[in-house]
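This is run.cif (mmCIF, C-alpha atoms and all ligand atoms).
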data_data
#
loop_
_atom_site.label_atom_id
_atom_site.label_comp_id
_atom_site.auth_asym_id
_atom_site.auth_seq_id
_atom_site.Cartn_x
_atom_site.Cartn_y
_atom_site.Cartn_z
CA MET A 206 0.00 0.00 0.00
CA LYS A 207 1.52 3.30 -1.11
CA ILE A 208 0.49 6.72 0.27
CA ALA A 209 1.31 9.81 -1.81
CA VAL A 210 2.13 12.78 0.44
CA PRO A 211 3.17 16.37 -0.36
CA ASN A 212 6.95 16.57 -0.84
CA LYS A 213 7.16 20.31 -0.01
CA GLY A 214 5.06 23.38 0.42
CA ARG A 215 2.78 24.16 3.34
CA LEU A 216 1.16 20.70 3.43
CA HIS A 217 4.38 18.69 3.78
CA GLU A 218 5.16 19.24 7.45
CA PRO A 219 1.64 18.82 8.90
CA THR A 220 1.10 15.68 6.82
CA ILE A 221 4.30 14.03 8.06
CA SER A 222 3.48 15.05 11.62
CA LEU A 223 -0.02 13.55 11.36
CA LEU A 224 1.33 10.25 9.97
CA GLU A 225 3.86 10.10 12.79
CA ARG A 226 1.22 10.75 15.42
CA ALA A 227 -0.93 8.03 13.87
CA GLY A 228 1.93 5.60 14.42
CA LEU A 229 3.06 5.42 10.81
CA HIS A 230 6.64 6.41 11.48
CA ILE A 231 8.60 7.16 8.34
CA GLU A 232 11.98 5.48 7.94
CA ASN A 233 14.79 6.44 5.54
CA GLY A 234 12.69 9.47 4.66
CA ALA A 235 15.55 11.87 3.99
CA ASN A 236 14.67 14.95 2.00
CA ARG A 237 14.42 14.78 -1.78
CA LYS A 238 13.83 11.06 -1.81
CA LEU A 239 11.00 9.83 -3.96
CA TYR A 240 10.04 6.89 -1.75
CA ALA A 241 10.29 6.11 1.94
CA ASP A 242 9.37 3.13 4.09
CA THR A 243 7.27 3.21 7.22
CA VAL A 244 7.35 1.02 10.33
CA ASP A 245 4.57 -0.96 8.70
CA PRO A 246 6.22 -3.16 6.05
CA GLU A 247 2.99 -3.06 4.05
CA VAL A 248 2.88 0.75 3.87
CA SER A 249 5.29 2.99 1.98
CA ILE A 250 5.38 6.69 1.15
CA LEU A 251 5.62 8.37 -2.25
CA TYR A 252 6.57 12.05 -2.13
CA ALA A 253 4.89 14.18 -4.79
CA ARG A 254 3.71 17.72 -5.43
CA ALA A 255 0.36 18.44 -3.80
CA ALA A 256 -1.12 19.18 -7.22
CA ASP A 257 0.08 15.89 -8.73
CA ILE A 258 -1.15 13.61 -5.95
CA PRO A 259 -4.72 13.06 -7.23
CA GLU A 260 -3.39 11.93 -10.59
CA TYR A 261 -0.75 9.67 -9.04
CA VAL A 262 -3.43 7.92 -7.02
CA ALA A 263 -5.87 7.69 -9.94
CA ASP A 264 -3.15 6.25 -12.20
CA GLY A 265 -2.02 3.66 -9.64
CA ALA A 266 1.40 5.15 -8.81
CA ALA A 267 0.02 5.30 -5.25
CA ASP A 268 -3.11 3.82 -3.63
CA LEU A 269 -3.87 6.55 -1.12
CA GLY A 270 -3.14 10.26 -1.28
CA ILE A 271 -3.10 13.15 1.17
CA THR A 272 -3.76 16.53 -0.43
CA GLY A 273 -6.23 19.41 -0.66
CA LEU A 274 -9.78 18.90 -1.90
CA ASP A 275 -9.09 21.76 -4.33
CA GLN A 276 -6.35 19.69 -5.97
CA ALA A 277 -8.59 16.64 -6.28
CA ARG A 278 -11.39 18.71 -7.86
CA GLU A 279 -8.99 20.39 -10.25
CA ALA A 280 -7.55 17.04 -11.36
CA ASP A 281 -11.09 15.75 -11.89
CA ALA A 282 -9.96 12.34 -10.71
CA THR A 283 -13.34 10.62 -10.62
CA THR A 284 -11.94 7.33 -9.32
CA LEU A 285 -10.88 8.98 -6.05
CA VAL A 286 -12.90 8.52 -2.89
CA ASP A 287 -12.68 11.18 -0.17
CA LEU A 288 -12.16 9.00 2.94
CA LEU A 289 -11.42 11.48 5.71
CA ASP A 290 -11.23 15.22 6.35
CA LEU A 291 -7.85 15.71 8.02
CA GLU A 292 -8.86 19.17 9.26
CA PHE A 293 -5.83 21.19 8.19
CA GLY A 294 -4.99 23.24 5.08
CA SER A 295 -8.41 24.86 5.37
CA CYS A 296 -8.89 27.54 2.75
CA ARG A 297 -11.39 28.93 0.29
CA LEU A 298 -11.10 29.20 -3.45
CA VAL A 299 -12.68 32.54 -4.28
CA LEU A 300 -13.43 34.76 -7.22
CA ALA A 301 -11.86 38.17 -6.53
CA ALA A 302 -11.63 41.43 -8.45
CA PRO A 303 -10.03 44.86 -7.87
CA GLU A 304 -11.66 46.88 -5.08
CA ASP A 305 -13.83 49.69 -6.41
CA GLY A 306 -13.63 48.27 -9.94
CA GLU A 307 -16.42 47.48 -12.42
CA ILE A 308 -16.66 43.80 -11.56
CA ARG A 309 -19.29 43.54 -8.81
CA GLU A 310 -20.70 40.04 -9.34
CA THR A 311 -19.94 36.79 -11.09
CA ALA A 312 -22.14 37.60 -14.09
CA ASP A 313 -20.06 40.71 -14.83
CA LEU A 314 -17.27 38.41 -15.98
CA ASP A 315 -19.05 36.98 -19.02
CA GLY A 316 -16.70 37.59 -21.94
CA LYS A 317 -14.05 39.01 -19.59
CA THR A 318 -10.76 37.40 -18.47
CA VAL A 319 -10.13 35.37 -15.31
CA ALA A 320 -6.63 34.26 -14.23
CA THR A 321 -6.17 31.19 -12.06
CA GLU A 322 -4.07 28.20 -11.07
CA PHE A 323 -7.33 26.23 -11.14
CA PRO A 324 -8.63 26.42 -14.74
CA ASN A 325 -10.91 23.37 -14.54
CA ILE A 326 -12.67 24.40 -11.33
CA THR A 327 -12.98 27.94 -12.69
CA TYR A 328 -14.41 26.77 -16.00
CA GLU A 329 -17.01 24.63 -14.18
CA HIS A 330 -17.98 27.46 -11.85
CA PHE A 331 -18.80 29.78 -14.73
CA ALA A 332 -20.27 27.12 -17.03
CA GLU A 333 -22.78 26.13 -14.29
CA ARG A 334 -23.99 29.73 -14.42
CA GLY A 335 -24.11 29.87 -18.21
CA LEU A 336 -21.13 32.22 -18.32
CA ASP A 337 -18.11 31.99 -20.58
CA PRO A 338 -15.13 34.14 -19.61
CA GLU A 339 -11.68 33.62 -21.07
CA ILE A 340 -9.62 31.66 -18.55
CA VAL A 341 -5.90 32.35 -18.35
CA GLU A 342 -3.86 29.72 -16.53
CA VAL A 343 -1.00 30.97 -14.37
CA THR A 344 1.30 29.05 -12.03
CA GLY A 345 1.60 31.55 -9.18
CA ALA A 346 1.34 35.21 -8.12
CA THR A 347 -2.20 35.16 -9.50
CA GLU A 348 -3.07 38.24 -7.42
CA LEU A 349 -0.88 40.42 -9.61
CA THR A 350 -2.63 39.69 -12.90
CA PRO A 351 -5.50 42.22 -12.57
CA HIS A 352 -2.95 44.99 -11.96
CA VAL A 353 -0.96 44.28 -15.11
CA ASP A 354 -4.03 44.06 -17.36
CA MET A 355 -3.71 40.32 -17.75
CA ALA A 356 -7.09 39.64 -16.17
CA ASP A 357 -10.26 41.32 -14.91
CA ALA A 358 -10.54 38.96 -11.95
CA ILE A 359 -8.89 35.92 -10.40
CA VAL A 360 -9.90 32.62 -8.86
CA ASP A 361 -7.42 31.91 -6.08
CA ILE A 362 -6.92 30.49 -2.62
CA THR A 363 -7.49 32.63 0.45
CA SER A 364 -7.37 31.84 4.14
CA THR A 365 -6.54 34.87 6.26
CA GLY A 366 -7.36 37.30 3.41
CA THR A 367 -4.01 39.09 3.77
CA THR A 368 -2.81 38.47 0.23
CA LEU A 369 -6.06 39.72 -1.31
CA ARG A 370 -6.00 42.84 0.86
CA MET A 371 -2.38 43.54 0.05
CA ASN A 372 -3.26 43.42 -3.63
CA ARG A 373 -6.43 45.52 -3.21
CA LEU A 374 -8.69 42.71 -4.37
CA GLU A 375 -12.08 41.88 -2.92
CA ILE A 376 -14.06 38.68 -2.88
CA ILE A 377 -16.93 38.55 -5.38
CA ASP A 378 -17.95 34.93 -4.88
CA GLU A 379 -16.92 31.72 -3.14
CA VAL A 380 -16.05 28.90 -5.51
CA LEU A 381 -15.00 26.05 -3.18
CA ARG A 382 -14.22 25.36 0.45
CA SER A 383 -11.22 23.10 0.80
CA SER A 384 -9.24 21.22 3.42
CA VAL A 385 -6.76 18.39 3.27
CA ARG A 386 -8.30 14.94 2.82
CA LEU A 387 -7.26 11.33 2.75
CA PHE A 388 -8.15 10.06 -0.72
CA ALA A 389 -8.21 6.46 -1.91
CA ARG A 390 -8.61 4.96 -5.34
CA GLU A 391 -12.04 3.37 -5.66
CA ASP A 392 -10.68 -0.17 -6.10
CA VAL A 393 -8.69 -0.19 -2.83
CA VAL A 394 -11.36 1.34 -0.57
CA ASP A 395 -12.47 -2.01 0.85
CA GLU A 396 -8.99 -3.31 1.63
CA PRO A 397 -8.45 -3.87 5.38
CA LYS A 398 -5.17 -1.94 5.28
CA VAL A 399 -6.98 1.16 4.01
CA GLU A 400 -9.49 0.99 6.85
CA GLN A 401 -6.62 0.50 9.30
CA ILE A 402 -4.85 3.64 8.04
CA ARG A 403 -8.09 5.65 8.03
CA THR A 404 -8.84 4.59 11.62
CA ALA A 405 -5.31 5.46 12.76
CA LEU A 406 -5.57 8.95 11.26
CA GLN A 407 -9.08 9.41 12.65
CA SER A 408 -7.83 8.45 16.12
CA VAL A 409 -5.34 11.33 16.06
CA LEU A 410 -8.09 13.79 15.09
CA SER A 411 -10.37 12.41 17.82
CA ALA A 412 -7.63 12.86 20.44
CA ASP A 413 -7.04 16.49 19.44
CA GLY A 414 -8.36 18.82 22.11
CA LYS A 415 -8.99 15.97 24.56
CA ARG A 416 -7.26 15.27 27.88
CA TYR A 417 -7.04 12.17 30.07
CA LEU A 418 -7.92 12.90 33.66
CA MET A 419 -6.96 10.57 36.52
CA LEU A 420 -7.92 11.16 40.13
CA ASN A 421 -8.58 9.52 43.46
CA ALA A 422 -11.86 10.09 45.27
CA PRO A 423 -13.58 8.98 48.47
CA GLU A 424 -15.91 6.13 47.57
CA GLY A 425 -18.79 7.88 49.36
CA ARG A 426 -18.68 10.83 46.95
CA LEU A 427 -18.42 8.80 43.78
CA GLU A 428 -21.90 9.68 42.54
CA GLU A 429 -21.40 13.43 42.96
CA ILE A 430 -17.99 13.28 41.27
CA ARG A 431 -19.39 11.17 38.47
CA GLU A 432 -21.97 13.87 37.80
CA ALA A 433 -19.31 16.57 37.72
CA LEU A 434 -17.30 14.75 35.05
CA PRO A 435 -18.30 15.59 31.46
CA GLY A 436 -16.65 12.35 30.31
CA LEU A 437 -16.62 10.54 27.04
CA GLY A 438 -18.75 7.45 27.57
CA GLY A 439 -18.57 7.78 31.37
CA PRO A 440 -15.58 7.36 33.67
CA THR A 441 -13.73 4.14 34.49
CA VAL A 442 -13.84 3.51 38.24
CA MET A 443 -11.39 1.21 40.04
CA ASP A 444 -11.26 0.26 43.70
CA ILE A 445 -8.12 1.16 45.62
CA ALA A 446 -7.79 -1.84 47.92
CA GLY A 447 -8.96 -1.31 51.49
CA GLU A 448 -8.83 2.50 51.66
CA GLY A 449 -12.40 3.52 50.98
CA MET A 450 -11.09 5.32 47.93
CA VAL A 451 -11.59 4.81 44.20
CA ALA A 452 -9.41 5.74 41.23
CA ILE A 453 -11.26 7.40 38.37
CA HIS A 454 -10.05 7.74 34.78
CA VAL A 455 -11.94 9.82 32.22
CA VAL A 456 -11.47 11.59 28.87
CA VAL A 457 -12.57 15.24 28.90
CA ASP A 458 -12.48 18.15 26.46
CA GLU A 459 -9.43 20.31 27.02
CA ARG A 460 -11.65 23.37 27.44
CA ASP A 461 -13.53 21.68 30.32
CA VAL A 462 -10.41 20.66 32.25
CA PHE A 463 -10.03 23.78 34.40
CA GLU A 464 -13.65 23.93 35.50
CA THR A 465 -13.84 20.19 36.08
CA ILE A 466 -10.78 20.17 38.32
CA THR A 467 -12.12 23.04 40.41
CA GLU A 468 -15.42 21.20 40.79
CA ILE A 469 -14.07 17.76 41.71
CA LYS A 470 -11.53 19.15 44.19
CA LYS A 471 -14.44 20.62 46.12
CA LEU A 472 -15.93 17.12 46.15
CA GLY A 473 -12.81 15.63 47.74
CA ALA A 474 -10.85 14.47 44.71
CA SER A 475 -7.08 14.23 45.16
CA GLY A 476 -4.00 13.12 43.22
CA ILE A 477 -5.42 14.67 40.05
CA LEU A 478 -3.34 13.98 36.96
CA VAL A 479 -4.01 15.48 33.50
CA THR A 480 -2.25 14.02 30.46
CA GLU A 481 -2.38 14.46 26.70
CA ILE A 482 -3.86 11.72 24.57
CA GLU A 483 -1.94 10.51 21.59
CA ARG A 484 -4.73 8.60 19.89
CA LEU A 485 -8.36 7.86 20.65
CA VAL A 486 -10.19 5.05 18.88
CA GLU A 487 -13.91 5.45 19.47
N1 LIG A 501 -3.13 30.16 2.38
C1 LIG A 501 -3.52 28.90 2.53
N2 LIG A 501 -4.15 28.50 3.64
C2 LIG A 501 -4.54 27.22 3.81
N3 LIG A 501 -4.34 26.26 2.89
C3 LIG A 501 -3.71 26.60 1.77
C4 LIG A 501 -3.28 27.92 1.52
N4 LIG A 501 -2.67 27.96 0.32
C5 LIG A 501 -2.75 26.71 -0.15
N5 LIG A 501 -3.37 25.88 0.69
C6 LIG A 501 -3.63 24.45 0.51
O1 LIG A 501 -2.39 23.83 0.27
C7 LIG A 501 -2.37 23.21 -0.99
C8 LIG A 501 -0.97 23.30 -1.57
O2 LIG A 501 -0.50 24.62 -1.49
P1 LIG A 501 1.07 24.90 -1.37
O3 LIG A 501 1.24 26.34 -1.53
O4 LIG A 501 1.63 24.20 -0.19
O5 LIG A 501 1.60 24.04 -2.51
P2 LIG A 501 2.18 24.57 -3.79
O6 LIG A 501 1.86 26.01 -3.99
O7 LIG A 501 1.78 23.57 -4.81
O8 LIG A 501 3.71 24.40 -3.38
P3 LIG A 501 4.89 24.42 -4.36
O9 LIG A 501 4.53 25.40 -5.43
O10 LIG A 501 6.00 24.86 -3.46
O11 LIG A 501 5.02 22.98 -4.81
C9 LIG A 501 -3.43 23.96 -1.78
O12 LIG A 501 -3.89 23.17 -2.84
C10 LIG A 501 -4.47 24.19 -0.72
O13 LIG A 501 -5.26 23.02 -0.54
O1 LIG A 502 -5.35 34.56 2.52
P1 LIG A 502 -3.90 34.35 2.81
O2 LIG A 502 -3.64 33.88 4.20
O3 LIG A 502 -3.07 35.54 2.46
O4 LIG A 502 -3.38 33.13 1.91
C1 LIG A 502 -3.56 33.14 0.52
C2 LIG A 502 -2.28 32.89 -0.21
O5 LIG A 502 -1.71 31.64 0.18
C3 LIG A 502 -1.34 30.91 -0.98
O6 LIG A 502 -0.08 31.24 -1.40
P2 LIG A 502 1.24 30.60 -0.78
O7 LIG A 502 1.56 31.25 0.52
O8 LIG A 502 1.10 29.11 -0.75
O9 LIG A 502 2.36 31.01 -1.80
P3 LIG A 502 2.62 30.43 -3.29
O10 LIG A 502 1.93 31.40 -4.19
O11 LIG A 502 4.10 30.45 -3.38
O12 LIG A 502 2.07 29.05 -3.39
C4 LIG A 502 -2.38 31.36 -2.00
O13 LIG A 502 -1.93 31.11 -3.32
C5 LIG A 502 -2.55 32.81 -1.69
O14 LIG A 502 -1.64 33.61 -2.41
MG MG A 503 0.99 27.84 -2.56
#

If you convert what's in this file into structure tokens, what do you get?
Ligand SMILES: Nc1ncnc2c1ncn2[C@@H]1O[C@H](COP(=O)(O)OP(=O)(O)OP(=O)(O)O)[C@@H](O)[C@H]1O
Ligand SMILES: O=P(O)(O)OC[C@H]1O[C@H](OP(=O)(O)OP(=O)(O)O)[C@H](O)[C@@H]1O
Ligand SMILES: [Mg+2]
Amino acid sequence: MKIAVPNKGRLHEPTISLLERAGLHIENGANRKLYADTVDPEVSILYARAADIPEYVADGAADLGITGLDQAREADATTLVDLLDLEFGSCRLVLAAPEDGEIRETADLDGKTVATEFPNITYEHFAERGLDPEIVEVTGATELTPHVDMADAIVDITSTGTTLRMNRLEIIDEVLRSSVRLFAREDVVDEPKVEQIRTALQSVLSADGKRYLMLNAPEGRLEEIREALPGLGGPTVMDIAGEGMVAIHVVVDERDVFETITEIKKLGASGILVTEIERLVE
């Protein structure tokens, strides 16, 4: 089983970190290598450009791929199945035009020129509305094109909005919301290894923002303490031999930790320990 992952750019680092946290440690993965092994002898890594990953998976060079939804849509790889939202690389593909210019809405672009790194998505967006602008494909610095008379508007990625603002462009329309996904080729979706990888990645996402709370409590106050714990599926309670005390373990949301601790201390809890959770399989 081969997973195609971004070899550079902003998606590289978070993808590697997620795989590591999921237990798929990468071995011999020195920079600029095309392939790397993982601790799982059945799983290897293929490094590729984010934009090429959908095609690599569709063509069989890899079986799974981690890249942005925008890239999968642009590649129009219809044999790809979106298995899991990995919840990073969140951005929007938007139609934007010069502030205070003539272009006020999407329809104003009929017969005009739109520059983009995403010609297929852009074409679809306008075609669905019965519009037919000229689409100019660029490979970067798209935001400059309206200022050098190359285009009347652009379709480009935005997240914080800084780049658009810096280039005095404003959003006319939203074309696509994107985030990084785990994609699989249709014919491998049912393989046990694919489900195993999906579950491992999911377990990292599930653990995010959660904490493991351990504490000791007088047995007599167990019910009150139980009520104060906003736990996932209820706490685990263990007897501490012969002391009239119980040990309680529970998973709580990170944002509830402070309030919960204050509450349970009042109820006689002691020896409270809070730890991070690496993975959580629900
Ligand atoms: N500003 C952003 N905020 C969030 N996600 C982004 C942003 N820009 C791009 N992305 C996501 O990251 C993906 C890849 O973008 P990135 O810039 O890392 O690669 P790239 O431009 O292809 O890199 P390179 O040109 O160096 O190969 C995009 O397809 C999109 O899904
Ligand atoms: O809304 P913002 O937070 O400003 O982000 C948007 C910018 O981010 C991306 O560029 P990137 O930084 O990847 O540079 P690149 O053009 O070299 O790919 C994208 O192409 C935009 O230019
Ligand atoms: Mg980029």

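Residues surrounding Thr480 (chain A) within 7 Å are Arg416, Tyr417 and Leu418 of chain A [only C-alpha atoms; sequence separation below 5 positions excluded].
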
Taking all atoms listed in the file into account, report as an NGL selection string which residues have an atom no farther than 9 Å from an atom of ligand LIG 501 (chain A). :A and (211-217 or 253-257 or 272-277 or 293-298 or 344-345 or 361-366 or 368 or 383-385)

Excluding Leu289 (chain A) and any residue of its chain fewer than 5 positions from it, enumerate the residues within 8 Å of it, using all atoms listed in the file, and give them as a list of chain:residue names.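 Using all atoms listed in the file, the neighbours found are A:Arg386, A:Leu387, A:Phe388, A:Arg403, A:Gln407.
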
Can you work out which one of A:Ile231, A:Leu420, A:Leu239, A:Leu485 has the shortest atom-to-atom distance to Met443 (chain A), counting all atoms listed in the file?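 Selected residue with least distance to Met443 (chain A): A:Leu420.
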
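Taking only C-alpha atoms and all ligand atoms into account, ligand MG 503 (chain A) lies nearest to A:Ala346 out of the set A:Ala280, A:Ala346, A:Leu336, A:Ala312.
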
Nearest-residue call for Glu400 (chain A), choices A:Val457, A:Val479, A:Val244, A:Leu269, using only C-alpha atoms: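 Checking each of A:Val457, A:Val479, A:Val244, A:Leu269 against Glu400 (chain A), counting only C-alpha atoms, the winner is A:Leu269.
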
Rounded to one decimal in Å, what is the spacing between CA of Ala320 (chain A) and CA of Ala358 (chain A)? 6.5 Å

For region 385-403 of chain A, take all atoms listed in the file, fit an axis-aligned box around them, add 4 Å to each of the six sides, then output centre and edge lengths in Å rounded to one decimal, as JSON.
{"center_x": -8.7, "center_y": 7.3, "center_z": 1.6, "size_x": 15.6, "size_y": 30.3, "size_z": 23.4}

Residue with smallest distance to ligand LIG 502 (chain A) - pool A:Glu322, A:Glu304, A:Glu464, A:Asp315, counting all atoms listed in the file: A:Glu322

Could you check which residues have any atom within 10 Å of (-7.0, 23.6, 27.4), counting all atoms listed in the file with coordinates taken straight from the file, and then list them as a ChimeraX atom specification? /A:414-416,458-463

When you look at Asp378 (chain A) with a cut-off of 7 Å (counting all atoms listed in the file), what residues show up, excluding the ones that are within fewer than 4 positions of it in the same chain? I need them as number ranges by chain. A: 299-300, 311

When you count all atoms listed in the file, which of these residues is closest to ligand MG 503 (chain A): A:Thr243, A:Thr347, A:Leu427, A:Ala452?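 Ranked by minimum distance to ligand MG 503 (chain A), first place goes to A:Thr347.
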
With distances taken over all atoms listed in the file, which residue among A:Val380, A:Val343, A:Val409, A:Ala356 lies nearest ligand LIG 502 (chain A)? A:Val343

Calculate how many Å separate CA of Ser249 (chain A) from CA of Ala209 (chain A), rounding to one decimal.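 Between CA of Ser249 (chain A) and CA of Ala209 (chain A) the gap is 8.8 Å.
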
What's around Asp268 (chain A) at 9 Å? Count only C-alpha atoms, leave out sequence neighbours fewer than 5 positions away in its own chain, and write the answer as a PDB file with C-alpha atoms, in the coordinates of the input.
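Now in result28.pdb:
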ATOM      1  CA  MET A 206       0.000   0.000   0.000  1.00  0.00           C
ATOM      2  CA  LYS A 207       1.520   3.300  -1.110  1.00  0.00           C
ATOM      3  CA  ILE A 208       0.490   6.720   0.270  1.00  0.00           C
ATOM      4  CA  ALA A 209       1.310   9.810  -1.810  1.00  0.00           C
ATOM      5  CA  TYR A 261      -0.750   9.670  -9.040  1.00  0.00           C
ATOM      6  CA  VAL A 262      -3.430   7.920  -7.020  1.00  0.00           C
ATOM      7  CA  ALA A 263      -5.870   7.690  -9.940  1.00  0.00           C
ATOM      8  CA  PHE A 388      -8.150  10.060  -0.720  1.00  0.00           C
ATOM      9  CA  ALA A 389      -8.210   6.460  -1.910  1.00  0.00           C
ATOM     10  CA  ARG A 390      -8.610   4.960  -5.340  1.00  0.00           C
ATOM     11  CA  ASP A 392     -10.680  -0.170  -6.100  1.00  0.00           C
ATOM     12  CA  VAL A 393      -8.690  -0.190  -2.830  1.00  0.00           C
ATOM     13  CA  VAL A 399      -6.980   1.160   4.010  1.00  0.00           C
TER      14      VAL A 399
END
